[in-house]
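Participant: This is run.cif (mmCIF, C-alpha atoms and all ligand atoms).
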```
data_data
loop_
_atom_site.label_atom_id
_atom_site.label_comp_id
_atom_site.auth_asym_id
_atom_site.auth_seq_id
_atom_site.Cartn_x
_atom_site.Cartn_y
_atom_site.Cartn_z
CA MET A 28 -33.71 38.42 105.62
CA ILE A 29 -35.37 41.83 105.34
CA VAL A 30 -35.11 44.87 107.60
CA THR A 31 -37.50 47.73 106.83
CA ILE A 32 -37.18 51.42 107.61
CA ASP A 33 -40.22 53.57 106.94
CA GLY A 34 -40.98 57.15 107.87
CA PRO A 35 -41.31 60.70 106.56
CA ALA A 36 -38.81 62.52 104.38
CA GLY A 37 -35.91 64.08 106.25
CA ALA A 38 -35.96 61.70 109.21
CA GLY A 39 -32.64 60.24 108.05
CA LYS A 40 -33.93 56.97 106.60
CA SER A 41 -31.57 56.78 103.65
CA SER A 42 -28.38 57.42 105.59
CA ALA A 43 -29.47 55.13 108.41
CA ALA A 44 -30.53 52.36 106.02
CA ARG A 45 -27.31 52.59 104.02
CA THR A 46 -25.08 52.51 107.11
CA LEU A 47 -27.11 49.78 108.81
CA ALA A 48 -26.91 47.66 105.65
CA GLN A 49 -23.12 48.07 105.59
CA ARG A 50 -22.79 47.05 109.23
CA LEU A 51 -25.01 44.00 108.79
CA GLY A 52 -23.46 43.02 105.46
CA PHE A 53 -26.87 43.39 103.80
CA ASP A 54 -27.78 45.13 100.54
CA PHE A 55 -29.68 48.41 100.62
CA LEU A 56 -32.78 49.37 98.66
CA ASP A 57 -34.01 52.96 98.46
CA THR A 58 -37.60 52.51 97.25
CA GLY A 59 -38.23 56.26 97.09
CA ALA A 60 -35.63 56.34 94.31
CA MET A 61 -37.83 53.94 92.35
CA TYR A 62 -40.86 56.27 92.60
CA ARG A 63 -38.56 59.14 91.64
CA ALA A 64 -37.29 57.20 88.61
CA VAL A 65 -40.83 56.60 87.35
CA THR A 66 -41.55 60.30 87.92
CA LEU A 67 -38.51 61.32 85.87
CA ALA A 68 -39.54 58.95 83.08
CA GLY A 69 -43.04 60.47 83.15
CA LEU A 70 -41.80 64.05 83.03
CA ARG A 71 -39.46 63.24 80.19
CA ALA A 72 -42.32 61.64 78.25
CA HIS A 73 -44.59 64.64 78.99
CA CYS A 74 -47.00 62.20 80.56
CA ASP A 75 -49.95 63.42 82.67
CA LEU A 76 -48.93 61.90 86.01
CA ASN A 77 -52.53 61.90 87.23
CA ASP A 78 -53.77 59.92 84.23
CA GLN A 79 -53.77 56.20 85.10
CA THR A 80 -53.93 55.09 81.48
CA ALA A 81 -50.93 57.24 80.62
CA LEU A 82 -49.06 55.85 83.65
CA ALA A 83 -49.85 52.28 82.56
CA GLY A 84 -48.33 53.01 79.14
CA LEU A 85 -45.33 54.61 80.76
CA LEU A 86 -44.71 51.65 83.10
CA ALA A 87 -44.88 49.20 80.21
CA GLY A 88 -41.89 50.90 78.63
CA ILE A 89 -39.78 51.08 81.78
CA ARG A 90 -37.03 48.77 82.91
CA LEU A 91 -35.67 49.70 86.29
CA ASP A 92 -32.54 48.16 87.80
CA MET A 93 -31.26 49.03 91.25
CA PRO A 94 -27.58 48.01 91.48
CA PRO A 95 -25.67 49.44 94.49
CA ASN A 96 -25.53 53.25 94.40
CA GLN A 97 -27.27 53.45 91.04
CA VAL A 98 -30.78 53.85 89.70
CA VAL A 99 -30.78 52.49 86.17
CA LEU A 100 -33.72 53.50 84.00
CA ASN A 101 -33.71 51.73 80.65
CA GLY A 102 -29.94 51.37 80.81
CA GLU A 103 -29.17 54.93 81.99
CA ASN A 104 -27.95 55.67 85.52
CA ILE A 105 -30.29 58.49 86.53
CA ALA A 106 -29.31 58.61 90.22
CA PRO A 107 -27.81 62.12 89.92
CA LEU A 108 -31.03 63.48 88.35
CA ILE A 109 -33.79 62.41 90.71
CA ARG A 110 -33.21 64.47 93.86
CA THR A 111 -34.45 67.81 92.52
CA SER A 112 -37.41 69.70 94.02
CA GLU A 113 -39.25 69.26 90.71
CA ILE A 114 -39.09 65.47 90.98
CA THR A 115 -39.89 65.57 94.69
CA THR A 116 -43.08 67.54 94.03
CA ALA A 117 -44.17 65.54 90.98
CA SER A 118 -43.50 62.20 92.69
CA GLY A 119 -46.61 62.65 94.85
CA ALA A 120 -48.98 61.88 91.99
CA VAL A 121 -46.90 58.89 90.90
CA ALA A 122 -46.74 57.50 94.46
CA SER A 123 -50.54 57.84 94.80
CA SER A 124 -51.22 55.75 91.71
CA PRO A 125 -52.44 52.23 92.58
CA LEU A 126 -51.05 51.00 89.26
CA VAL A 127 -47.58 52.31 89.92
CA ARG A 128 -47.60 51.03 93.50
CA THR A 129 -48.64 47.54 92.46
CA LYS A 130 -45.85 47.39 89.90
CA LEU A 131 -43.17 48.82 92.17
CA VAL A 132 -44.14 46.54 95.05
CA GLU A 133 -43.75 43.60 92.65
CA TRP A 134 -40.32 44.84 91.51
CA GLN A 135 -39.21 45.46 95.10
CA ARG A 136 -40.11 41.90 96.10
CA GLN A 137 -38.32 40.53 93.03
CA ILE A 138 -35.17 42.52 93.79
CA ALA A 139 -35.12 41.34 97.41
CA ALA A 140 -35.99 37.70 96.72
CA GLY A 141 -33.51 35.32 98.34
CA ARG A 142 -31.22 38.09 99.55
CA ASN A 143 -30.58 40.07 102.71
CA PHE A 144 -31.78 43.64 102.39
CA VAL A 145 -32.36 46.81 104.33
CA CYS A 146 -35.28 48.47 102.51
CA GLU A 147 -36.41 52.01 103.15
CA GLY A 148 -39.53 53.87 102.10
CA ARG A 149 -43.06 54.49 103.34
CA ASP A 150 -44.75 51.08 103.03
CA GLN A 151 -41.94 48.58 103.42
CA GLY A 152 -43.00 47.17 106.77
CA THR A 153 -46.74 47.53 106.22
CA VAL A 154 -47.28 46.37 102.63
CA VAL A 155 -44.18 45.16 100.83
CA PHE A 156 -42.47 43.02 103.49
CA PRO A 157 -44.99 42.34 106.26
CA ASP A 158 -42.83 39.42 107.47
CA ALA A 159 -39.60 41.44 107.77
CA VAL A 160 -37.33 40.31 110.60
CA CYS A 161 -37.18 43.81 112.04
CA LYS A 162 -39.16 46.95 111.20
CA PHE A 163 -38.42 50.54 112.10
CA PHE A 164 -40.46 53.71 111.78
CA LEU A 165 -37.99 56.58 111.86
CA PHE A 166 -39.36 60.07 112.42
CA ALA A 167 -38.16 63.49 113.58
CA ASP A 168 -39.53 66.86 114.50
CA PRO A 169 -40.85 68.58 111.31
CA GLU A 170 -38.76 71.72 111.86
CA GLU A 171 -35.59 69.66 112.20
CA ARG A 172 -36.45 67.69 109.05
CA ALA A 173 -37.06 70.89 107.08
CA CYS A 174 -33.69 72.29 108.21
CA ARG A 175 -31.90 69.10 107.19
CA ARG A 176 -33.54 69.19 103.76
CA HIS A 177 -32.66 72.87 103.38
CA ARG A 178 -28.99 72.20 104.11
CA GLU A 179 -29.00 69.27 101.69
CA LEU A 180 -30.51 71.31 98.84
CA GLN A 181 -28.26 74.29 99.52
CA ALA A 182 -25.23 72.01 99.35
CA ARG A 183 -26.49 70.91 95.95
CA GLY A 184 -26.81 74.52 94.77
CA GLU A 185 -30.62 74.71 94.75
CA THR A 186 -31.99 78.09 95.83
CA ILE A 187 -35.08 77.33 97.87
CA THR A 188 -36.10 79.01 101.12
CA LEU A 189 -36.69 77.24 104.41
CA ASP A 190 -40.30 78.48 104.29
CA GLU A 191 -40.86 76.88 100.90
CA ILE A 192 -39.40 73.62 102.17
CA ARG A 193 -41.55 73.75 105.31
CA SER A 194 -44.79 74.13 103.38
CA ALA A 195 -43.85 71.56 100.71
CA GLN A 196 -42.93 69.13 103.49
CA GLN A 197 -46.21 69.70 105.31
CA ALA A 198 -48.15 69.03 102.12
CA ARG A 199 -46.10 65.93 101.37
CA ASP A 200 -46.39 64.49 104.89
CA ALA A 201 -50.16 64.97 104.80
CA ARG A 202 -50.42 63.45 101.33
CA ASP A 203 -48.21 60.44 102.18
CA ALA A 204 -50.01 59.79 105.47
CA THR A 205 -53.57 60.11 104.21
CA ARG A 206 -53.52 58.58 100.73
CA ASP A 207 -55.91 55.65 100.24
CA ILE A 208 -53.30 53.17 99.15
CA ALA A 209 -50.28 52.27 101.31
CA PRO A 210 -50.37 55.36 103.52
CA MET A 211 -47.26 56.18 105.51
CA VAL A 212 -48.07 54.69 108.91
CA PRO A 213 -45.94 52.62 111.28
CA ALA A 214 -46.47 48.87 111.01
CA HIS A 215 -48.16 47.53 114.17
CA ASP A 216 -44.92 45.70 115.01
CA ALA A 217 -42.50 48.49 114.07
CA ILE A 218 -39.97 49.95 116.48
CA LEU A 219 -40.57 53.72 116.64
CA LEU A 220 -37.38 55.80 116.61
CA ASP A 221 -37.26 59.59 116.99
CA SER A 222 -34.09 60.91 115.34
CA THR A 223 -34.63 64.59 116.26
CA HIS A 224 -31.86 64.66 118.85
CA LEU A 225 -29.80 61.71 117.65
CA MET A 226 -26.72 61.57 115.47
CA LEU A 227 -26.72 59.14 112.57
CA ASP A 228 -24.40 56.78 114.45
CA GLN A 229 -26.72 56.67 117.45
CA VAL A 230 -29.71 55.86 115.25
CA VAL A 231 -27.81 53.09 113.48
CA GLU A 232 -26.46 51.67 116.74
CA ARG A 233 -29.98 51.32 118.14
CA MET A 234 -31.17 49.74 114.95
CA GLU A 235 -28.28 47.32 114.73
CA ARG A 236 -28.77 46.21 118.32
CA ALA A 237 -32.47 45.54 117.72
CA VAL A 238 -31.84 43.66 114.47
CA ARG A 239 -29.15 41.45 116.00
CA GLN A 240 -31.41 40.62 118.94
CA ARG A 241 -34.16 39.58 116.53
CA MET A 242 -31.72 37.56 114.44
CA GLU A 243 -30.49 35.69 117.51
CA LYS A 244 -34.04 34.72 118.39
CA ARG A 245 -34.71 33.14 115.01
O1 LIG B 1 -38.28 58.98 100.15
P1 LIG B 1 -38.34 59.84 98.90
O2 LIG B 1 -38.54 61.30 99.21
O3 LIG B 1 -37.19 59.63 97.98
O4 LIG B 1 -39.66 59.34 98.13
C1 LIG B 1 -40.03 59.85 96.87
C2 LIG B 1 -41.53 59.76 96.70
O5 LIG B 1 -41.99 58.41 96.72
C3 LIG B 1 -42.34 60.47 97.79
O6 LIG B 1 -43.46 61.07 97.15
C4 LIG B 1 -42.81 59.37 98.69
C5 LIG B 1 -42.93 58.21 97.76
N1 LIG B 1 -42.64 56.89 98.33
C6 LIG B 1 -43.69 56.05 98.57
O7 LIG B 1 -44.84 56.45 98.39
N2 LIG B 1 -43.45 54.79 99.00
C7 LIG B 1 -42.20 54.36 99.21
N3 LIG B 1 -41.99 53.11 99.62
C8 LIG B 1 -41.12 55.21 98.97
C9 LIG B 1 -41.37 56.49 98.54
#
```
Could I get this structure in the form of structure tokens?
Ligand code: DC
Facilitator:
Amino acid sequence: MIVTIDGPAGAGKSSAARTLAQRLGFDFLDTGAMYRAVTLAGLRAHCDLNDQTALAGLLAGIRLDMPPNQVVLNGENIAPLIRTSEITTASGAVASSPLVRTKLVEWQRQIAAGRNFVCEGRDQGTVVFPDAVCKFFLFADPEERACRRHRELQARGETITLDEIRSAQQARDARDATRDIAPMVPAHDAILLDSTHLMLDQVVERMERAVRQRMEKR
């Protein structure tokens, strides 16, 4: 059984997905971490992330495993390395590559096969798991999202201004929403949830209620 949570960065998808998965007794898959892992591999290999042939070569040499709380790239847990602004910015090119998307969609379906998962990303309800039992599109006011991201990066010791985050976020939202392949849009059957004025617990409660209702109906 699959539950999907899509939406823009900073809406609280990861925390909501993780907590919802715990409450339901499901596993949790952060698909953004997979795009970030490929980006890190590309940067390390000095690969031109806009060059599809180079990306194809890169993908051929990658093995990505997603055990709980880890992102394992060719045997190395790179989870602590993929949340930097550098990776965030560079991940746009990787996430726009049809080649990369095809491969990652395949891996995501393989990981989830035969298991119960809460999957979060941009295209989980629209492309990867169109038959998911319950789909959410979680969003929040852009200013609130930028502030959340700012606090998160500050806590991690990164010195970046709120203005820089605002403009990077605007560019990223526009890029994610307008790209040709798998743009970030709500699935036609997704439940829209605005987290601007909600605490994490309130978001998760609403989600859990909706999922359990759907599960009862099946
Ligand atoms: O959610 P995130 O910020 O960790 O995502 C990292 C990058 O991957 C970002 O550029 C959006 C992209 N992404 C995507 O295109 N599709 C997904 N399912 C998940 C993330």
Participant: Could you check which of A:Leu189, A:Val160, A:Val238, A:Val65 is closest to ligand LIG 1 (chain B), using all atoms listed in the file?
Facilitator: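 Ranked by minimum distance to ligand LIG 1 (chain B), first place goes to A:Val65.
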Participant: Pick out the residues sitting within 6 Å of stretch 86-92 of chain A, and hand them over as an mmCIF file with C-alpha atoms, keeping the file's coordinate frame; count all atoms listed in the file, and ignore anything fewer than 4 positions along from it in its own chain.
Facilitator:
```cif
data_model
loop_
_atom_site.group_PDB
_atom_site.id
_atom_site.type_symbol
_atom_site.label_atom_id
_atom_site.label_comp_id
_atom_site.auth_asym_id
_atom_site.auth_seq_id
_atom_site.Cartn_x
_atom_site.Cartn_y
_atom_site.Cartn_z
ATOM 1 C CA VAL A 99 -30.780 52.490 86.170
ATOM 2 C CA LEU A 100 -33.720 53.500 84.000
ATOM 3 C CA ASN A 101 -33.710 51.730 80.650
#
```
Participant: Can I get the residues close to ligand LIG 1 (chain B) as a PyMOL selection string, where close means within 9 Å and we count all atoms listed in the file?
Facilitator: chain A and resi 33-37+40-41+57-63+66+109-110+114-123+128+131-132+146-151+155+199-200+202-203+209-211
Participant: For A:Ile187, which residue among A:Ser112, A:Gln229, A:Asn77, A:Leu165 is the nearest when counting only C-alpha atoms?
Facilitator: A:Ser112
Participant: When distances are computed from only C-alpha atoms, which of A:Ala139, A:Ala167, A:Val127, A:Ala237 shows the smallest separation from A:Ile208?
Facilitator: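 Between A:Ala139, A:Ala167, A:Val127, A:Ala237, the residue approaching A:Ile208 most closely is A:Val127.
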Participant: Nearest to A:Gln79 among A:Phe164, A:Ser124, A:Ile192, A:Ala38, with distances taken over only C-alpha atoms: which residue is it?
Facilitator: A:Ser124
Participant: Suppose you want the space between atom CA of A:Asn143 and atom CA of A:Ile29; what is it in Å?
Facilitator: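 Rounded to one decimal, the two atoms are 5.7 Å apart.
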Participant: So, with all atoms listed in the file as the atoms that count, which of A:Val154, A:Leu76, A:Leu85, A:Leu67 lies closest to A:Glu103?
Facilitator: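 Among the listed residues, the smallest separation from A:Glu103 belongs to A:Leu67.
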Participant: Tell me which of A:Leu220, A:Val145, A:Leu56, A:Ala43 sits closest to A:Pro95, counting only C-alpha atoms.
Facilitator: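 The closest residue to A:Pro95 is A:Leu56.
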Participant: Any idea what the distance is between atom CA of A:His177 and atom CA of A:Ala44?
Facilitator: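 It comes out at 20.8 Å.
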Participant: Quick one: distance from atom CA of A:Met226 to atom CA of A:Pro107 in Å, one decimal?
Facilitator: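 So the answer is 25.6 Å.
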Participant: What lies within 8 Å of A:Ala159 using all atoms listed in the file, ignoring chain neighbours under 3 positions off, as an mmCIF file with C-alpha atoms, in the coordinates of the input?
Facilitator:
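Produced file selection-v5.cif, reproduced below:
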```
data_model
loop_
_atom_site.group_PDB
_atom_site.id
_atom_site.type_symbol
_atom_site.label_atom_id
_atom_site.label_comp_id
_atom_site.auth_asym_id
_atom_site.auth_seq_id
_atom_site.Cartn_x
_atom_site.Cartn_y
_atom_site.Cartn_z
ATOM 1 C CA MET A 28 -33.710 38.420 105.620
ATOM 2 C CA ILE A 29 -35.370 41.830 105.340
ATOM 3 C CA VAL A 30 -35.110 44.870 107.600
ATOM 4 C CA THR A 31 -37.500 47.730 106.830
ATOM 5 C CA GLY A 152 -43.000 47.170 106.770
ATOM 6 C CA PHE A 156 -42.470 43.020 103.490
ATOM 7 C CA LYS A 162 -39.160 46.950 111.200
#
```
